[in-house]
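Peer 1: Just passing along the structure, written as structure tokens.
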Amino acid sequence: MTFSELGIQQEICSAVEELGFEHPMPIQEAVIPKLVESKDLIALAQTGTGKTAAFGLPLLQMVDAKDRTTQAVVLSPTRELCLQITDDLRDFSKYLKGVKVVAVYGGTSISDQIRSLRHGAQIIVATPGRLIDLMERGKAHLEDVRHIVLDEADEMLNMGFSDSINAIFDALPEEHQTLLFSATMSREVERVAKRYLHNYEEIVVGSRNEGAENVNHIYYMVNAKDKYLALKRIVDYYPRIYGIIFCRTKVETQEIADKLIKEGYNAEALHGDLSQQQRDLTMQKFRNHITQLLVATDVAARGLDVNDLTHVINYSMPDDTESYTHRSGRTGRAGKKGTSIAIIHTRERHKIRDVEKAIGKNFVAGRVPSAEEICTKQLFRAIDEIEKTDVIDEQIEPFMTEIRRHFEYVDKEEILKKVVSREFGRFLKYYANAPEIEEVSVKKRDEGRGMKGDRTDWKSKKPREGVQKGYTKLFINLGRNDRFFPGEVMQFINRNVPGRQEVGHIDIMPAFCLIEVPKRDAKKVIKALSHAYYHNKKVVCREDRGKW
């Protein structure tokens, strides 16, 4: 099958071939003919399966280059994904005269984007918030839009963009085509589909609500105090690892990255406290394989599309299965194998079971590698790299007389030891006296019990005293009696608070709960939740006064 046989015109096919794509991927074979027929469509597929070309090629073909009005809108959850889609569409339209694609997103000058739109754009690629802003200013006009694409719809809804999406659909003409891409079919995605899609078809690449088929899922169960030690051993056991380490909060992300960097690992942090310029530079270095390990929050890593990831490591498990699906789906792409690892406490086993049910795959219980196993792996890596080193004869020959003189009285075995020690010594020194990691055996009576050091305590008899530095503790009138458990807490907050909200410790009592949020976000969270309902119960949210 070729792109031409799918109905794509020659100018676009030529551009695609120049980019190195000879044959369509499965999602492209499934989606492109349907879009050309102008059918509404839901496509369930993981990131990295070729989605942009699946909707981008037919969109470019269907717009009228002579008409400078906006005819298609592509919505994405993040600035990074927005820019990536725009770059791809511009590459695909290289030989289409008069077709203009404009990206609009927050965090940068709106004046420049207004100037770009003033000159006309057949396709706008946008984050929902910025597009609404431009519509309200009268600078973005959607009355002639005939096609709208929601890319990573589940992520947009998790980030609280429901109202913006509703407003955008309200501005569209009655006759238009809708395409919705999502990694999972959540209740929120189904709600949007029922409201805005008509006689739609559903295409599934892989399995519905399943993580990438080529991903192995492993969990390591350790005590809280041993999590970082376990992380180091896991990373050391995979010498050629190229992966993302997911943490829960910005503070934890920076702490783990700093520790790794200090101990000689090629790592960097990615979180919301970095400037946009810092984030762009960090992501560019990671994409170019200059950085080996990226320690990130879910929020900061959204829109980061990287090929060839070998591992995703969940240093902190997310509170909902959809977030885990998105994390694990970043590896195992394009037919390659990938590994998703979870480092968990004893009482987090229920999260593993929940994910297994959601993705239809079982986790393998891993054993933290021993010092001997790690050193053996690293030794073979060092030997392999020395063997594969290219000898540049012409450049090095002038120095060989001096080199021979220095090593004249050193025997071959001693030289080998020195060379290998240089490449391998750090691991030998560390693991000679490395602290042991206690094996954790799980008993039924221990399941569900809180463990010292865990951040979420939902079965304790009284709330934890004190508050994490830089956080404010909030009271919410929902508790276990309302079936308000940790997973529901995070989903409820993400549905009602704009943007993906950082949350610290959570205490859940029978009639109420206490949550910690960054001080700067406290007023925003209180305002948002005070207008919310949970199963028809009016929510009360205020700063905690210690009187329950």
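Residues are named by chain letter and number: chains run A, B, ... in the order of the structure tokens, numbers start at 1 in each chain, and ligands are numbered from 1 in the order shown.
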Could you please write out, as a list in words, every residue of stretch 259-293 of chain A that DSSP assigns to alpha helix (DSSP H)?

Peer 2: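 Those residues are Lys259, Leu260, Ile261, Lys262, Gln276, Gln277, Gln278, Arg279, Asp280, Leu281, Thr282, Met283, Gln284, Lys285, Phe286 and Arg287 of chain A.
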
Peer 1: Which of stretch 341-383 of chain A counts as strand (DSSP E or B) under DSSP, as a list of chain:residue names please?

Peer 2: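 Result set for stretch 341-383 of chain A (strand (DSSP E or B)): A:Ile341, A:Ala342, A:Ile343, A:Ile344, A:Val364, A:Ala365.
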
Peer 1: Please produce a file of the residues just selected, as a compact mmCIF listing (two decimals), in the first residue's frame, where the atoms kept are N, CA, C and O atoms.

Peer 2:
```
# COMPACT_ATOMS: atom_id res chain seq x y z
N ILE A 341 8.67 0.70 33.92
CA ILE A 341 9.02 0.22 35.25
C ILE A 341 8.32 1.05 36.31
O ILE A 341 8.26 2.28 36.20
N ALA A 342 7.79 0.40 37.32
CA ALA A 342 7.18 1.09 38.47
C ALA A 342 7.93 0.71 39.73
O ALA A 342 8.14 -0.47 40.01
N ILE A 343 8.37 1.72 40.48
CA ILE A 343 8.99 1.49 41.79
C ILE A 343 7.94 1.83 42.84
O ILE A 343 7.55 2.99 42.96
N ILE A 344 7.47 0.83 43.58
CA ILE A 344 6.30 1.04 44.43
C ILE A 344 6.55 0.63 45.88
O ILE A 344 7.48 -0.11 46.19
N VAL A 364 5.23 -7.80 35.57
CA VAL A 364 6.16 -8.81 36.08
C VAL A 364 6.77 -8.26 37.36
O VAL A 364 7.21 -7.11 37.40
N ALA A 365 6.78 -9.07 38.42
CA ALA A 365 7.40 -8.64 39.67
C ALA A 365 8.92 -8.77 39.53
O ALA A 365 9.45 -9.86 39.38
```

Peer 1: Counting only C-alpha atoms, which residue out of A:Val125, A:Glu268, A:Arg68, A:Ala30 sits closest to A:Asp87?

Peer 2: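 Checking each candidate against A:Asp87, we get A:Val125 as the closest.
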
Peer 1: Using only C-alpha atoms, can you tell me which of A:Lys66, A:Lys537, A:Lys337, A:Arg115 comes closest to A:Ile476?

Peer 2: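 Among the listed residues, the smallest separation from A:Ile476 belongs to A:Lys537.
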
Peer 1: Excluding same-chain residues fewer than 4 positions from A:Gln113, what lies within 9 Å of it counting only C-alpha atoms, as number ranges by chain?

Peer 2: A: 102-105, 108-109, 117-118, 134

Peer 1: Go ahead and dump the residues you just picked, all heavy atoms, as an mmCIF file, in the first residue's frame.

Peer 2:
```cif
data_model
loop_
_atom_site.group_PDB
_atom_site.id
_atom_site.type_symbol
_atom_site.label_atom_id
_atom_site.label_comp_id
_atom_site.auth_asym_id
_atom_site.auth_seq_id
_atom_site.Cartn_x
_atom_site.Cartn_y
_atom_site.Cartn_z
ATOM 1 N N VAL A 102 -0.562 27.959 10.707
ATOM 2 C CA VAL A 102 -0.128 28.863 11.775
ATOM 3 C C VAL A 102 -0.346 28.189 13.127
ATOM 4 O O VAL A 102 -1.411 27.610 13.376
ATOM 5 C CB VAL A 102 -0.896 30.206 11.729
ATOM 6 C CG1 VAL A 102 -0.611 31.045 12.972
ATOM 7 C CG2 VAL A 102 -0.501 30.987 10.479
ATOM 8 N N ALA A 103 0.661 28.278 13.989
ATOM 9 C CA ALA A 103 0.551 27.744 15.355
ATOM 10 C C ALA A 103 0.215 28.870 16.319
ATOM 11 O O ALA A 103 0.834 29.942 16.268
ATOM 12 C CB ALA A 103 1.863 27.088 15.765
ATOM 13 N N VAL A 104 -0.765 28.654 17.201
ATOM 14 C CA VAL A 104 -1.091 29.636 18.246
ATOM 15 C C VAL A 104 -1.120 28.903 19.586
ATOM 16 O O VAL A 104 -1.751 27.861 19.733
ATOM 17 C CB VAL A 104 -2.429 30.364 17.974
ATOM 18 C CG1 VAL A 104 -2.336 31.152 16.678
ATOM 19 C CG2 VAL A 104 -3.611 29.424 17.921
ATOM 20 N N TYR A 105 -0.393 29.446 20.567
ATOM 21 C CA TYR A 105 -0.240 28.770 21.856
ATOM 22 C C TYR A 105 0.162 29.793 22.900
ATOM 23 O O TYR A 105 0.654 30.891 22.583
ATOM 24 C CB TYR A 105 0.840 27.682 21.753
ATOM 25 C CG TYR A 105 2.115 28.155 21.096
ATOM 26 C CD1 TYR A 105 3.115 28.794 21.845
ATOM 27 C CD2 TYR A 105 2.301 28.015 19.724
ATOM 28 C CE1 TYR A 105 4.268 29.261 21.229
ATOM 29 C CE2 TYR A 105 3.449 28.481 19.109
ATOM 30 C CZ TYR A 105 4.428 29.108 19.871
ATOM 31 O OH TYR A 105 5.560 29.580 19.263
ATOM 32 N N THR A 108 3.881 32.817 24.972
ATOM 33 C CA THR A 108 4.681 33.619 24.046
ATOM 34 C C THR A 108 3.831 34.784 23.548
ATOM 35 O O THR A 108 2.626 34.861 23.834
ATOM 36 C CB THR A 108 5.173 32.752 22.871
ATOM 37 O OG1 THR A 108 6.131 33.478 22.108
ATOM 38 C CG2 THR A 108 4.022 32.327 21.975
ATOM 39 N N SER A 109 4.429 35.683 22.789
ATOM 40 C CA SER A 109 3.754 36.902 22.346
ATOM 41 C C SER A 109 2.503 36.612 21.522
ATOM 42 O O SER A 109 2.572 35.914 20.507
ATOM 43 C CB SER A 109 4.725 37.753 21.520
ATOM 44 O OG SER A 109 4.041 38.814 20.883
ATOM 45 N N LEU A 117 -1.996 35.514 11.749
ATOM 46 C CA LEU A 117 -3.377 35.221 11.356
ATOM 47 C C LEU A 117 -3.943 36.280 10.419
ATOM 48 O O LEU A 117 -4.791 35.990 9.571
ATOM 49 C CB LEU A 117 -4.265 35.121 12.608
ATOM 50 C CG LEU A 117 -4.003 33.915 13.522
ATOM 51 C CD1 LEU A 117 -4.881 34.000 14.762
ATOM 52 C CD2 LEU A 117 -4.265 32.607 12.796
ATOM 53 N N ARG A 118 -3.458 37.510 10.574
ATOM 54 C CA ARG A 118 -3.969 38.611 9.744
ATOM 55 C C ARG A 118 -3.686 38.363 8.263
ATOM 56 O O ARG A 118 -4.441 38.796 7.396
ATOM 57 C CB ARG A 118 -3.328 39.927 10.196
ATOM 58 C CG ARG A 118 -3.972 41.175 9.596
ATOM 59 C CD ARG A 118 -3.306 42.420 10.125
ATOM 60 N NE ARG A 118 -3.524 42.559 11.558
ATOM 61 C CZ ARG A 118 -2.602 42.965 12.419
ATOM 62 N NH1 ARG A 118 -1.374 43.237 11.994
ATOM 63 N NH2 ARG A 118 -2.876 43.080 13.703
ATOM 64 N N LEU A 134 -7.778 34.432 21.263
ATOM 65 C CA LEU A 134 -7.766 35.059 19.941
ATOM 66 C C LEU A 134 -9.168 35.208 19.372
ATOM 67 O O LEU A 134 -9.475 36.197 18.679
ATOM 68 C CB LEU A 134 -6.890 34.238 18.991
ATOM 69 C CG LEU A 134 -5.386 34.301 19.275
ATOM 70 C CD1 LEU A 134 -4.646 33.173 18.561
ATOM 71 C CD2 LEU A 134 -4.820 35.651 18.838
#
```

Peer 1: Considering only C-alpha atoms, return as a ChimeraX atom specification whatever protein or nucleic-acid residues lie within 10 Å of A:Gly98, sequence-local ones (same chain, fewer than 4 positions apart) excluded.

Peer 2: /A:64-68,93,121-122

Peer 1: Quick one: residues within 10 Å of A:Lys94, only C-alpha atoms counted, chain neighbours fewer than 3 positions away excluded, as a list in words?

Peer 2: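 Everything that qualifies: Glu11, Ile12, Ser14, Ala15, Val16, Leu89, Arg90, Asp91, Lys97 and Val99 of chain A.
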